[in-house]
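Trainee: Sharing entry39.cif below, mmCIF, C-alpha atoms and all ligand atoms:
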data_protein
#
loop_
_atom_site.label_atom_id
_atom_site.label_comp_id
_atom_site.auth_asym_id
_atom_site.auth_seq_id
_atom_site.Cartn_x
_atom_site.Cartn_y
_atom_site.Cartn_z
CA MET A 1 10.67 14.58 25.64
CA ASN A 2 12.43 11.22 25.81
CA GLU A 3 15.84 10.75 24.22
CA GLY A 4 15.31 7.10 23.43
CA LEU A 5 17.33 3.95 23.92
CA ASN A 6 20.50 3.16 22.02
CA GLU A 7 19.86 0.99 18.97
CA ARG A 8 21.07 -2.30 20.50
CA GLU A 9 19.00 -1.95 23.65
CA TYR A 10 16.00 -0.87 21.58
CA GLN A 11 16.23 -3.88 19.27
CA ARG A 12 16.45 -6.20 22.29
CA LEU A 13 13.34 -4.61 23.83
CA ALA A 14 11.48 -4.69 20.50
CA GLU A 15 12.28 -8.39 20.04
CA ARG A 16 11.10 -9.20 23.57
CA LEU A 17 7.84 -7.41 22.85
CA ARG A 18 7.36 -9.10 19.49
CA ILE A 19 7.75 -12.51 21.14
CA ALA A 20 5.26 -11.57 23.86
CA ILE A 21 2.80 -10.21 21.29
CA TRP A 22 2.87 -13.13 18.88
CA ASP A 23 3.67 -16.12 21.12
CA LYS A 24 1.76 -15.23 24.27
CA LEU A 25 -0.90 -12.59 23.58
CA ASP A 26 -2.11 -13.34 20.06
CA PRO A 27 -3.23 -16.88 21.07
CA LEU A 28 -5.65 -15.27 23.57
CA GLU A 29 -7.70 -13.65 20.79
CA GLU A 30 -10.46 -16.26 20.62
CA ARG A 31 -10.87 -16.35 24.39
CA ILE A 32 -11.06 -12.55 24.76
CA GLU A 33 -13.51 -12.20 21.86
CA ASP A 34 -15.75 -14.93 23.30
CA GLU A 35 -15.61 -13.89 26.94
CA GLU A 36 -15.39 -10.15 26.22
CA ARG A 37 -12.94 -9.87 29.10
CA ILE A 38 -9.16 -9.60 29.08
CA PRO A 39 -7.74 -12.28 31.39
CA TYR A 40 -5.58 -9.90 33.40
CA ASP A 41 -4.05 -12.76 35.38
CA ILE A 42 -2.36 -13.91 32.15
CA VAL A 43 -1.96 -10.65 30.24
CA MET A 44 -0.53 -8.38 32.93
CA PRO A 45 2.46 -10.60 33.82
CA VAL A 46 3.26 -11.06 30.11
CA LEU A 47 3.19 -7.30 29.50
CA ARG A 48 5.16 -6.62 32.67
CA GLU A 49 7.88 -9.15 31.82
CA ALA A 50 8.20 -7.82 28.28
CA GLY A 51 8.58 -4.24 29.55
CA ALA A 52 5.40 -2.98 27.86
CA PHE A 53 4.37 -0.71 30.71
CA GLY A 54 7.48 1.44 30.89
CA LEU A 55 7.95 2.15 27.19
CA LEU A 56 7.35 5.90 27.40
CA VAL A 57 8.16 6.43 31.08
CA PRO A 58 11.37 8.47 31.30
CA ARG A 59 14.44 6.53 32.41
CA GLU A 60 14.84 8.58 35.59
CA TYR A 61 11.56 6.99 36.77
CA GLY A 62 12.57 3.47 35.78
CA GLY A 63 11.06 3.29 32.28
CA ALA A 64 12.65 2.67 28.89
CA GLY A 65 12.27 6.34 27.91
CA LEU A 66 11.65 5.53 24.24
CA SER A 67 11.57 8.32 21.70
CA VAL A 68 8.37 8.63 19.67
CA ARG A 69 10.16 7.20 16.61
CA GLN A 70 11.02 4.10 18.65
CA TYR A 71 7.60 3.75 20.25
CA LEU A 72 5.45 3.96 17.09
CA PRO A 73 6.38 0.56 15.55
CA LEU A 74 5.77 -1.10 18.91
CA ILE A 75 2.26 0.23 19.44
CA ALA A 76 1.63 -0.56 15.75
CA GLU A 77 2.62 -4.18 16.46
CA PHE A 78 0.09 -4.34 19.32
CA ALA A 79 -2.60 -3.07 16.91
CA LYS A 80 -2.16 -6.23 14.82
CA ILE A 81 -3.49 -8.51 17.55
CA GLN A 82 -6.66 -8.45 19.67
CA GLY A 83 -7.65 -4.79 20.04
CA GLY A 84 -8.54 -4.75 23.74
CA ILE A 85 -4.90 -5.46 24.55
CA ARG A 86 -3.77 -2.65 22.25
CA VAL A 87 -6.09 -0.19 24.02
CA LEU A 88 -4.81 -1.25 27.44
CA VAL A 89 -1.19 -0.74 26.38
CA HIS A 90 -1.93 2.49 24.48
CA VAL A 91 -3.83 4.20 27.30
CA HIS A 92 -1.29 3.18 29.92
CA ASN A 93 1.72 4.39 27.94
CA SER A 94 0.14 7.46 26.42
CA PHE A 95 -1.04 8.94 29.69
CA ALA A 96 2.02 7.93 31.72
CA HIS A 97 3.89 9.84 29.02
CA ALA A 98 1.47 12.78 29.31
CA LEU A 99 1.98 12.90 33.07
CA SER A 100 5.76 12.91 32.60
CA GLU A 101 5.33 16.03 30.46
CA ILE A 102 2.65 17.97 32.31
CA GLY A 103 2.95 16.72 35.90
CA ASN A 104 5.23 18.23 38.55
CA GLU A 105 8.09 16.30 40.14
CA ALA A 106 6.04 15.12 43.13
CA GLN A 107 3.22 13.84 40.89
CA CYS A 108 5.70 12.06 38.63
CA LYS A 109 7.49 10.50 41.61
CA THR A 110 4.20 9.26 43.05
CA VAL A 111 3.02 7.54 39.90
CA LEU A 112 5.68 6.96 37.27
CA PRO A 113 7.99 4.41 38.97
CA GLY A 114 4.90 2.22 39.53
CA ALA A 115 3.65 2.92 36.01
CA ALA A 116 6.99 1.72 34.60
CA THR A 117 6.36 -1.73 36.07
CA GLY A 118 2.59 -1.85 35.64
CA GLU A 119 1.83 -1.68 39.36
CA LYS A 120 0.29 1.73 38.77
CA SER A 121 -1.47 3.13 35.74
CA VAL A 122 -2.73 6.52 34.59
CA ALA A 123 -5.99 6.95 32.67
CA PHE A 124 -7.46 10.02 31.03
CA ALA A 125 -10.84 11.40 32.12
CA LEU A 126 -12.21 14.03 29.76
CA THR A 127 -15.43 12.81 28.08
CA GLU A 128 -18.78 13.45 29.77
CA PRO A 129 -22.32 12.17 29.16
CA GLU A 130 -24.00 15.57 29.48
CA HIS A 131 -21.43 17.83 27.83
CA GLY A 132 -19.06 18.14 24.89
CA THR A 133 -15.31 18.14 25.16
CA GLY A 134 -12.44 20.61 25.64
CA ALA A 135 -13.92 23.64 27.39
CA ASP A 136 -17.50 22.30 27.38
CA LEU A 137 -17.35 20.40 30.67
CA GLY A 138 -19.87 19.91 33.45
CA THR A 139 -17.41 18.56 36.00
CA THR A 140 -16.43 21.28 38.47
CA ALA A 141 -13.54 21.70 40.90
CA SER A 142 -14.29 24.29 43.58
CA HIS A 143 -11.34 25.83 45.35
CA THR A 144 -11.52 25.59 49.15
CA ASP A 145 -9.04 26.23 51.97
CA ALA A 146 -8.20 22.52 51.97
CA GLY A 147 -7.76 22.19 48.19
CA TYR A 148 -10.51 21.38 45.67
CA ILE A 149 -13.85 19.59 45.69
CA LEU A 150 -14.74 17.78 42.45
CA ASN A 151 -18.29 17.07 41.32
CA GLY A 152 -19.46 15.61 38.03
CA THR A 153 -19.49 12.56 35.78
CA LYS A 154 -17.05 11.23 33.17
CA TRP A 155 -17.73 8.26 30.97
CA LEU A 156 -16.10 5.99 28.39
CA ILE A 157 -12.88 6.18 30.43
CA SER A 158 -10.56 3.41 29.21
CA ASN A 159 -8.66 1.29 31.74
CA SER A 160 -11.13 2.43 34.39
CA ASP A 161 -10.90 -1.04 35.93
CA LEU A 162 -7.15 -0.99 36.38
CA ALA A 163 -6.02 2.65 36.59
CA SER A 164 -4.54 3.74 39.91
CA HIS A 165 -4.80 7.43 38.91
CA PHE A 166 -6.87 9.56 36.55
CA ILE A 167 -5.93 12.82 34.85
CA VAL A 168 -9.26 14.61 35.31
CA PHE A 169 -10.35 17.80 33.53
CA ALA A 170 -12.76 20.04 35.42
CA LYS A 171 -13.97 23.62 35.43
CA THR A 172 -12.38 25.74 38.15
CA SER A 173 -14.49 28.71 37.01
CA PRO A 174 -17.03 29.15 34.20
CA GLU A 175 -14.19 30.18 31.86
CA GLN A 176 -11.34 28.04 33.15
CA VAL A 177 -10.50 24.36 32.82
CA SER A 178 -7.91 22.81 35.12
CA ALA A 179 -6.34 19.36 35.23
CA PHE A 180 -6.06 17.19 38.35
CA LEU A 181 -4.31 13.97 39.22
CA VAL A 182 -6.87 11.97 41.20
CA ALA A 183 -6.11 8.65 42.88
CA ARG A 184 -8.64 5.88 42.27
CA ASP A 185 -9.25 5.30 45.98
CA THR A 186 -10.15 8.93 46.76
CA PRO A 187 -13.38 8.96 48.82
CA GLY A 188 -16.40 10.06 46.79
CA LEU A 189 -15.07 8.67 43.48
CA SER A 190 -17.11 5.70 42.27
CA ILE A 191 -16.45 3.70 39.11
CA GLU A 192 -19.02 1.65 37.19
CA PRO A 193 -18.59 -0.33 33.95
CA LEU A 194 -20.37 0.44 30.67
CA PRO A 195 -21.65 -2.24 28.26
CA GLU A 196 -19.13 -4.06 26.05
CA THR A 197 -17.90 -2.34 22.89
CA MET A 198 -18.21 -3.23 19.19
CA GLY A 199 -14.50 -3.93 18.81
CA CYS A 200 -11.33 -3.77 20.90
CA LYS A 201 -13.19 -6.04 23.26
CA GLY A 202 -12.27 -6.96 26.80
CA GLY A 203 -11.18 -3.66 28.31
CA GLU A 204 -13.35 -1.52 30.52
CA HIS A 205 -14.41 2.00 29.55
CA GLY A 206 -16.25 3.01 32.66
CA VAL A 207 -18.26 5.79 34.27
CA LEU A 208 -16.50 7.88 36.91
CA THR A 209 -18.79 9.72 39.33
CA PHE A 210 -17.25 12.46 41.45
CA ASP A 211 -19.45 13.16 44.45
CA HIS A 212 -17.77 15.84 46.57
CA VAL A 213 -14.36 14.34 45.93
CA GLN A 214 -11.91 16.25 48.10
CA VAL A 215 -8.34 16.53 46.80
CA ASP A 216 -5.62 18.76 48.15
CA GLU A 217 -3.68 21.43 46.27
CA SER A 218 -1.01 18.93 45.26
CA ALA A 219 -3.52 17.22 42.93
CA LEU A 220 -3.60 20.25 40.62
CA ILE A 221 -1.52 19.68 37.46
CA GLY A 222 0.39 22.84 36.60
CA ALA A 223 -1.48 26.00 37.54
CA GLU A 224 -5.20 26.66 37.81
CA GLY A 225 -6.70 27.40 34.40
CA GLU A 226 -3.99 25.57 32.44
CA GLY A 227 -6.19 22.56 31.69
CA GLN A 228 -6.76 23.33 28.01
CA GLN A 229 -3.05 23.72 27.46
CA HIS A 230 -2.32 20.36 29.15
CA LEU A 231 -5.12 18.74 27.21
CA GLY A 232 -3.62 20.03 23.96
CA ARG A 233 -0.16 18.76 24.87
CA ALA A 234 -1.41 15.30 25.89
CA LEU A 235 -3.66 14.81 22.86
CA GLU A 236 -1.18 16.20 20.35
CA ILE A 237 1.14 13.24 20.68
CA SER A 238 -1.52 10.72 21.65
CA ARG A 239 -3.21 11.34 18.28
CA VAL A 240 0.02 10.24 16.61
CA PHE A 241 -0.07 7.05 18.70
CA ILE A 242 -3.61 6.37 17.45
CA ALA A 243 -2.42 6.88 13.86
CA ALA A 244 0.33 4.32 14.54
CA SER A 245 -2.38 1.93 15.73
CA SER A 246 -4.21 2.52 12.44
CA LEU A 247 -0.97 1.68 10.67
CA GLY A 248 -0.48 -1.60 12.56
CA THR A 249 -4.05 -2.72 11.88
CA SER A 250 -3.63 -1.80 8.20
CA GLU A 251 -0.32 -3.67 7.89
CA ARG A 252 -1.85 -6.82 9.34
CA ALA A 253 -4.92 -6.55 7.08
CA LEU A 254 -2.63 -6.16 4.06
CA GLU A 255 -0.46 -9.15 5.00
CA LEU A 256 -3.52 -11.36 5.53
CA SER A 257 -4.93 -10.19 2.21
CA LEU A 258 -1.72 -10.89 0.29
CA ALA A 259 -1.58 -14.40 1.75
CA HIS A 260 -5.25 -15.05 1.01
CA ALA A 261 -4.99 -13.72 -2.55
CA ARG A 262 -2.11 -16.12 -3.25
CA SER A 263 -3.82 -19.18 -1.79
CA ARG A 264 -7.47 -18.72 -2.85
CA VAL A 265 -8.09 -20.30 -6.24
CA THR A 266 -11.15 -19.59 -8.39
CA PHE A 267 -11.63 -20.67 -11.98
CA GLY A 268 -8.31 -22.51 -11.75
CA ARG A 269 -6.15 -19.55 -10.81
CA PRO A 270 -5.22 -17.78 -7.56
CA ILE A 271 -7.29 -14.60 -7.21
CA ALA A 272 -3.94 -12.77 -6.86
CA GLN A 273 -3.62 -13.11 -10.62
CA ARG A 274 -6.80 -11.10 -11.22
CA GLN A 275 -6.25 -7.46 -11.97
CA ALA A 276 -9.29 -6.44 -9.90
CA VAL A 277 -7.81 -8.05 -6.78
CA GLN A 278 -4.36 -6.63 -7.54
CA ARG A 279 -5.92 -3.20 -7.53
CA TYR A 280 -7.30 -3.73 -4.01
CA LEU A 281 -3.89 -4.90 -2.81
CA SER A 282 -2.04 -2.03 -4.36
CA GLU A 283 -4.50 0.53 -2.96
CA MET A 284 -4.06 -0.99 0.50
CA ALA A 285 -0.28 -0.85 0.21
CA THR A 286 -0.44 2.77 -0.93
CA ASP A 287 -2.37 3.74 2.20
CA VAL A 288 0.14 1.87 4.38
CA TYR A 289 3.06 3.57 2.67
CA ALA A 290 1.56 7.05 2.96
CA LEU A 291 0.68 6.59 6.62
CA ARG A 292 4.17 5.31 7.42
CA GLY A 293 5.64 8.42 5.81
CA MET A 294 3.38 10.82 7.69
CA LEU A 295 4.14 9.08 10.98
CA ALA A 296 7.89 9.19 10.37
CA ASP A 297 7.66 12.94 9.74
CA ALA A 298 5.54 13.61 12.84
CA ALA A 299 7.85 11.49 15.03
CA ALA A 300 11.01 13.17 13.72
CA LYS A 301 9.60 16.62 14.42
CA TRP A 302 8.37 15.73 17.91
CA ASP A 303 11.64 14.01 18.85
CA ALA A 304 13.51 17.14 17.71
CA GLY A 305 11.47 19.17 20.19
CA ALA A 306 8.94 20.74 17.80
CA ARG A 307 5.20 21.07 18.40
CA ILE A 308 3.05 19.34 15.77
CA PRO A 309 -0.49 20.62 16.39
CA ALA A 310 -1.69 20.39 12.78
CA GLU A 311 0.35 17.35 11.78
CA SER A 312 -0.98 15.28 14.69
CA ALA A 313 -4.61 16.04 13.79
CA MET A 314 -3.93 15.39 10.08
CA VAL A 315 -2.09 12.09 10.62
CA LYS A 316 -4.76 10.88 13.03
CA GLN A 317 -7.47 11.75 10.48
CA PHE A 318 -5.57 10.24 7.56
CA GLY A 319 -4.83 7.14 9.65
CA LEU A 320 -8.47 6.43 10.45
CA GLU A 321 -9.51 6.96 6.84
CA ALA A 322 -6.66 4.74 5.65
CA VAL A 323 -7.44 1.93 8.08
CA GLY A 324 -11.11 2.22 7.09
CA ARG A 325 -10.24 1.75 3.42
CA VAL A 326 -7.68 -0.98 4.09
CA THR A 327 -9.87 -3.12 6.36
CA ASP A 328 -12.74 -2.66 3.91
CA ARG A 329 -10.62 -3.90 1.01
CA ALA A 330 -9.29 -6.72 3.16
CA LEU A 331 -12.87 -7.94 3.53
CA LEU A 332 -13.37 -7.68 -0.23
CA VAL A 333 -10.22 -9.73 -0.91
CA HIS A 334 -11.28 -12.38 1.62
CA GLY A 335 -14.81 -12.80 0.29
CA GLY A 336 -17.36 -14.42 2.62
CA ILE A 337 -14.91 -16.17 4.93
CA GLY A 338 -13.57 -12.79 6.08
CA TYR A 339 -17.02 -11.90 7.38
CA THR A 340 -17.13 -14.88 9.75
CA ARG A 341 -16.22 -14.73 13.43
CA ARG A 342 -12.81 -16.28 14.18
CA HIS A 343 -11.32 -14.68 11.10
CA PRO A 344 -8.80 -11.99 12.10
CA VAL A 345 -9.96 -9.75 9.24
CA GLU A 346 -13.44 -9.56 10.78
CA ARG A 347 -11.94 -8.52 14.11
CA LEU A 348 -9.53 -6.00 12.56
CA TYR A 349 -12.49 -4.35 10.81
CA ARG A 350 -14.33 -3.92 14.13
CA ASP A 351 -11.25 -2.97 16.12
CA ALA A 352 -10.24 -0.27 13.63
CA ARG A 353 -13.53 1.52 14.14
CA LEU A 354 -12.41 2.76 17.57
CA ASN A 355 -9.72 4.85 15.86
CA TRP A 356 -12.52 7.22 14.76
CA LEU A 357 -13.31 8.07 18.38
CA GLU A 358 -10.04 7.91 20.26
CA GLU A 359 -8.53 11.33 20.99
CA GLY A 360 -11.39 13.05 19.17
CA THR A 361 -13.75 12.46 16.25
CA PRO A 362 -13.01 13.59 12.65
CA THR A 363 -14.81 16.89 13.18
CA ILE A 364 -12.42 17.66 16.03
CA GLN A 365 -9.37 16.80 13.88
CA TYR A 366 -10.63 19.02 11.02
CA MET A 367 -11.26 21.84 13.47
CA VAL A 368 -7.83 21.57 15.13
CA ALA A 369 -5.91 21.37 11.84
CA ALA A 370 -7.90 24.20 10.21
CA ARG A 371 -7.52 26.43 13.29
CA GLU A 372 -3.74 26.01 13.17
CA LEU A 373 -3.52 26.56 9.41
CA LEU A 374 -5.73 29.64 9.48
CA SER A 375 -3.68 31.16 12.26
CA GLY A 376 -0.58 30.89 10.10
CA TYR A 377 0.90 27.55 11.18
CA ARG A 378 2.83 25.81 8.39
CA PHE A 379 4.09 22.24 8.39
C1 LIG A 401 -14.00 2.49 23.61
C2 LIG A 401 -13.86 3.94 23.93
C3 LIG A 401 -12.83 4.36 24.74
C4 LIG A 401 -12.72 5.71 25.10
N1 LIG A 401 -11.75 6.11 25.99
C5 LIG A 401 -11.76 7.38 26.48
C6 LIG A 401 -10.87 7.76 27.54
O1 LIG A 401 -10.03 6.98 27.99
N2 LIG A 401 -10.97 9.02 28.04
C7 LIG A 401 -11.88 9.93 27.56
O2 LIG A 401 -11.91 11.05 28.07
N3 LIG A 401 -12.73 9.59 26.54
C8 LIG A 401 -12.70 8.34 26.01
N4 LIG A 401 -13.56 7.98 25.01
C9 LIG A 401 -14.51 8.96 24.51
C10 LIG A 401 -14.18 9.44 23.11
O3 LIG A 401 -13.03 10.25 23.13
C11 LIG A 401 -15.43 10.16 22.64
O4 LIG A 401 -16.45 9.20 22.49
C12 LIG A 401 -15.22 10.91 21.35
O5 LIG A 401 -14.28 11.94 21.49
C13 LIG A 401 -16.56 11.54 20.88
O6 LIG A 401 -17.15 12.28 21.92
P1 LIG A 401 -18.63 11.95 22.36
O7 LIG A 401 -18.79 10.49 22.57
O8 LIG A 401 -18.96 12.85 23.50
O9 LIG A 401 -19.48 12.28 21.09
P2 LIG A 401 -20.23 13.65 20.75
O10 LIG A 401 -19.39 14.81 21.17
O11 LIG A 401 -21.60 13.54 21.29
O12 LIG A 401 -20.24 13.59 19.18
C14 LIG A 401 -21.29 13.02 18.40
C15 LIG A 401 -21.10 13.53 16.99
O13 LIG A 401 -21.29 14.95 16.95
C16 LIG A 401 -20.12 15.58 16.44
N5 LIG A 401 -19.92 16.82 17.20
C17 LIG A 401 -20.00 16.99 18.56
N6 LIG A 401 -19.77 18.27 18.88
C18 LIG A 401 -19.52 18.92 17.73
C19 LIG A 401 -19.17 20.26 17.41
N7 LIG A 401 -19.07 21.19 18.36
N8 LIG A 401 -19.00 20.60 16.10
C20 LIG A 401 -19.12 19.64 15.14
N9 LIG A 401 -19.41 18.36 15.39
C21 LIG A 401 -19.62 18.00 16.65
C22 LIG A 401 -18.98 14.58 16.68
O14 LIG A 401 -17.90 14.78 15.79
C23 LIG A 401 -19.69 13.27 16.44
O15 LIG A 401 -19.76 13.01 15.06
C24 LIG A 401 -13.65 6.64 24.59
C25 LIG A 401 -14.66 6.22 23.70
C26 LIG A 401 -14.77 4.89 23.39
C27 LIG A 401 -15.88 4.44 22.48
#
What's the C-alpha cells form of this structure?

Mentor:
Amino acid sequence: MNEGLNEREYQRLAERLRIAIWDKLDPLEERIEDEERIPYDIVMPVLREAGAFGLLVPREYGGAGLSVRQYLPLIAEFAKIQGGIRVLVHVHNSFAHALSEIGNEAQCKTVLPGAATGEKSVAFALTEPEHGTGADLGTTASHTDAGYILNGTKWLISNSDLASHFIVFAKTSPEQVSAFLVARDTPGLSIEPLPETMGCKGGEHGVLTFDHVQVDESALIGAEGEGQQHLGRALEISRVFIAASSLGTSERALELSLAHARSRVTFGRPIAQRQAVQRYLSEMATDVYALRGMLADAAAKWDAGARIPAESAMVKQFGLEAVGRVTDRALLVHGGIGYTRRHPVERLYRDARLNWLEEGTPTIQYMVAARELLSGYRF
C-alpha cells in the first residue's frame, strides 16, 4: 500500500501529466485511429518524461508511490483522450502495482526500478482461448527439480508488444492455481498479435504460447497454490482503476455535450434551452457524480488498509453501466455529427466498450459482489 506524495509534489506531477496528456498525446488521436498503431517512438518518451510509468511504483523502487486516491484522477484524465494510450498506461501501472504487492523482494528489485522509468513493464496473463477464468485454466506449470515447466496459451494480453515481464497464472495441480513472473525473452515463449480492436485502438493484445517454458523456482510468486489469492488481490484494486477510466470517459463526454448543447442552434435557439436535452445532460451529470462518490469511498478504504472485495466489483459494474449511459446520451445530444469519425464522442463511445471486459465481465462482477455479501461481508 502506497502512502502517496505530499500535496505540493502531487500537484506538480499532476500538472506535468495534464500538459503531456492534452498538449502532446491528445493531438495524436487522429493518427492512432487511422493507423491503428500507437507511435511508440513519440508516446513512450512523452510518458517517460511526464513520470507516467512510475505512478504506482513504490518510492523505494524509484516510483512516485501514489496512493489510490491520488492515482484515480490521473488515470481518469488519460481516459479522456485516445483509448489505446489509456490502456497502455493502465496496464503498466496496474500490474507494476500488483507486483509490488504480491511479488517478493527479489522479483520487485528485478522489475520495479525499470518499470518506474518505462524501461520495463509488467503485463497480466490470465485469459485463455480454450478455458474460462480464475480456476478454469488450461495452462499448466509442472514442478521439476530445476523449477517449473509451463505449457499452454493465453490470449488478449494487453501490452504484449512492450511488456518485459508477464504475471502468468497456471495450474500447478488439478486443484491449484499458482502465479509466476515470466520474462518475455524466456525460451519457449512466443508472442503473436491479434486483430485490431473495436475501440482503444493502437495497443497490442496478443497471444502468448508457452511451449515447455522452463523457469526456475524464483519465478513463483508467493507460494505454490496461492494464485487465486494473488489474482483476487490484483484484480480487486485494478477494477477500481477501470471504474476511474469509466469516470474519465464520462466526464469528457459530458463536457463535450454541454459545449455542443450551448452552441448548436435549432429553430432559433440553442438546443441547451430544450428541456429534453437538459434531461440528457442532467442524467449524465448524475452518473458522473455518483461514480465519483463511489470511487472516493473505495479509494479511502483501500488507502486506509482495508480490503474492498465487494466495493471494487460494484464500482466497476456501476462504472461501466454509467459510461454506457453517458456515452449513449452524448451521442443523442450531438445528433448525427457525433456518429461521424473524427468526432471525439464517436471514439469515446467505442473506447468505453472495453470497460465491460477489462478485469472481468458483468457476470463476474455480480458473482464476486454477491459471494461477498452472502458470506456476510458488509460495506
Ligand atoms: C482489448 C482487450 C484487452 C484485454 N487485456 C487482457 C489482459 O491484459 N490480460 C488478460 O488476462 N485478459 C485480458 N483481456 C481479456 C478479458 O479480461 C476477457 O475477454 C474477459 O474477462 C471475458 O473473458 P472471455 O473473453 O474469456 O469471455 P468468456 O469467458 O468466453 O465470456 C463470454 C460470455 O459468457 C459469460 N460467461 C462466461 N463464463 C461464465 C460463467 N461461468 N457464468 C456466467 N457467465 C459466464 C461472460 O460473462 C460473457 O458474457 C482483454 C480483453 C480485451 C478485449

Trainee: List all protein, DNA and RNA residues that have an atom no more than 7 Å from any atom of ligand LIG 401 (chain A), counting all atoms listed in the file, and report them as a list in words.

Mentor: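 These are the residues that qualify: Val91, Ala123, Phe124, Ala125, Leu126, Thr127, Glu128, Pro129, Gly132, Thr133, Trp155, Leu156, Ile157, Ser158, Asn159, Thr197, His205, Leu354, Leu357, Glu358, Glu359, Gly360, Thr361, Pro362, Thr363 and Ile364 of chain A.
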
Trainee: For the interface of region 4-110 of chain A with region 312-332 of chain A (cut-off 12 Å, counting all atoms listed in the file), please tabulate each contacting residue of region 4-110 of chain A alongside its nearest pair of atoms and their separation in Å to one decimal, rows sorted by chain and increasing number, as CSV.

Mentor:
residue,atom,partner,partner_atom,distance
A:Ala76,CA,A:Gly319,CA,11.8
A:Ala79,CA,A:Val323,CA,11.2
A:Lys80,CA,A:Val323,CA,11.8

Trainee: Output C-alpha atoms of each residue in that selection to a file, as a short mmCIF file (atom, residue, chain, number, x, y, z; two decimals), in the frame of the given file.

Mentor:
data_model
loop_
_atom_site.label_atom_id
_atom_site.label_comp_id
_atom_site.auth_asym_id
_atom_site.auth_seq_id
_atom_site.Cartn_x
_atom_site.Cartn_y
_atom_site.Cartn_z
CA ALA A 76 1.63 -0.56 15.75
CA ALA A 79 -2.60 -3.07 16.91
CA LYS A 80 -2.16 -6.23 14.82
#

Trainee: CA of Lys301 (chain A) and CA of Gly51 (chain A), how far apart in Å?

Mentor: 25.8 Å

Trainee: My list of candidates is A:Pro113, A:Pro195, A:Pro187, A:Pro73. Which is closest to Val240 (chain A) when distances are computed with only C-alpha atoms?

Mentor: A:Pro73

Trainee: Counting only C-alpha atoms, select every polymer residue within 12 Å of (6.5, 14.9, 30.2) as defined in the file's coordinates, and provide the selection as an MDAnalysis selection string.

Mentor: chainID A and resid 1:3 56:61 65 67 93:105 107:108 112 221:222 230 233:234 237 305

Trainee: Fewer than 4 positions away in the same chain doesn't count, so skip those; otherwise give me all residues within 9 Å of Glu217 (chain A), counting all atoms listed in the file, as a PyMOL selection string.

Mentor: chain A and resi 143+146-148

Trainee: Grab the CA of Ala243 (chain A) to CA of Arg353 (chain A) distance for me, in Å with one decimal place.

Mentor: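 That distance, rounded to one decimal, is 12.3 Å.
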
Trainee: Identify which of the residues A:Ala296, A:Cys200, A:Leu231, A:Ile337 lies closest to His260 (chain A), counting all atoms listed in the file when measuring atom-to-atom distances.

Mentor: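 Checking each candidate against His260 (chain A), we get A:Ile337 as the closest.
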
Trainee: If I take CA of Met284 (chain A) and CA of Ile19 (chain A), how far is one from the other in Å, to one decimal?

Mentor: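 Between CA of Met284 (chain A) and CA of Ile19 (chain A) the gap is 26.4 Å.
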
Trainee: Check the smallest atom-to-atom distance from each of A:Phe241, A:Val213, A:Glu226, A:Val177 to Val89 (chain A) using all atoms listed in the file, then report the winner.

Mentor: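 Once distances to Val89 (chain A) are computed over all atoms listed in the file, the minimum belongs to A:Phe241.
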
Trainee: With distances taken over only C-alpha atoms, which of A:Val168, A:Met198, A:Ala183, A:Ala64 is nearest to Asp351 (chain A)?

Mentor: A:Met198

Trainee: Counting all atoms listed in the file, figure out which residue out of A:Lys120, A:Glu283, A:Gly203, A:Thr139 gets nearest to Phe166 (chain A).

Mentor: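 Among A:Lys120, A:Glu283, A:Gly203, A:Thr139, it is A:Lys120 that comes nearest to Phe166 (chain A).
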
Trainee: Looking at A:Glu35, A:Asp136, A:Glu236, A:Asp216, which one is nearest to Pro174 (chain A), with distances taken over only C-alpha atoms?

Mentor: A:Asp136
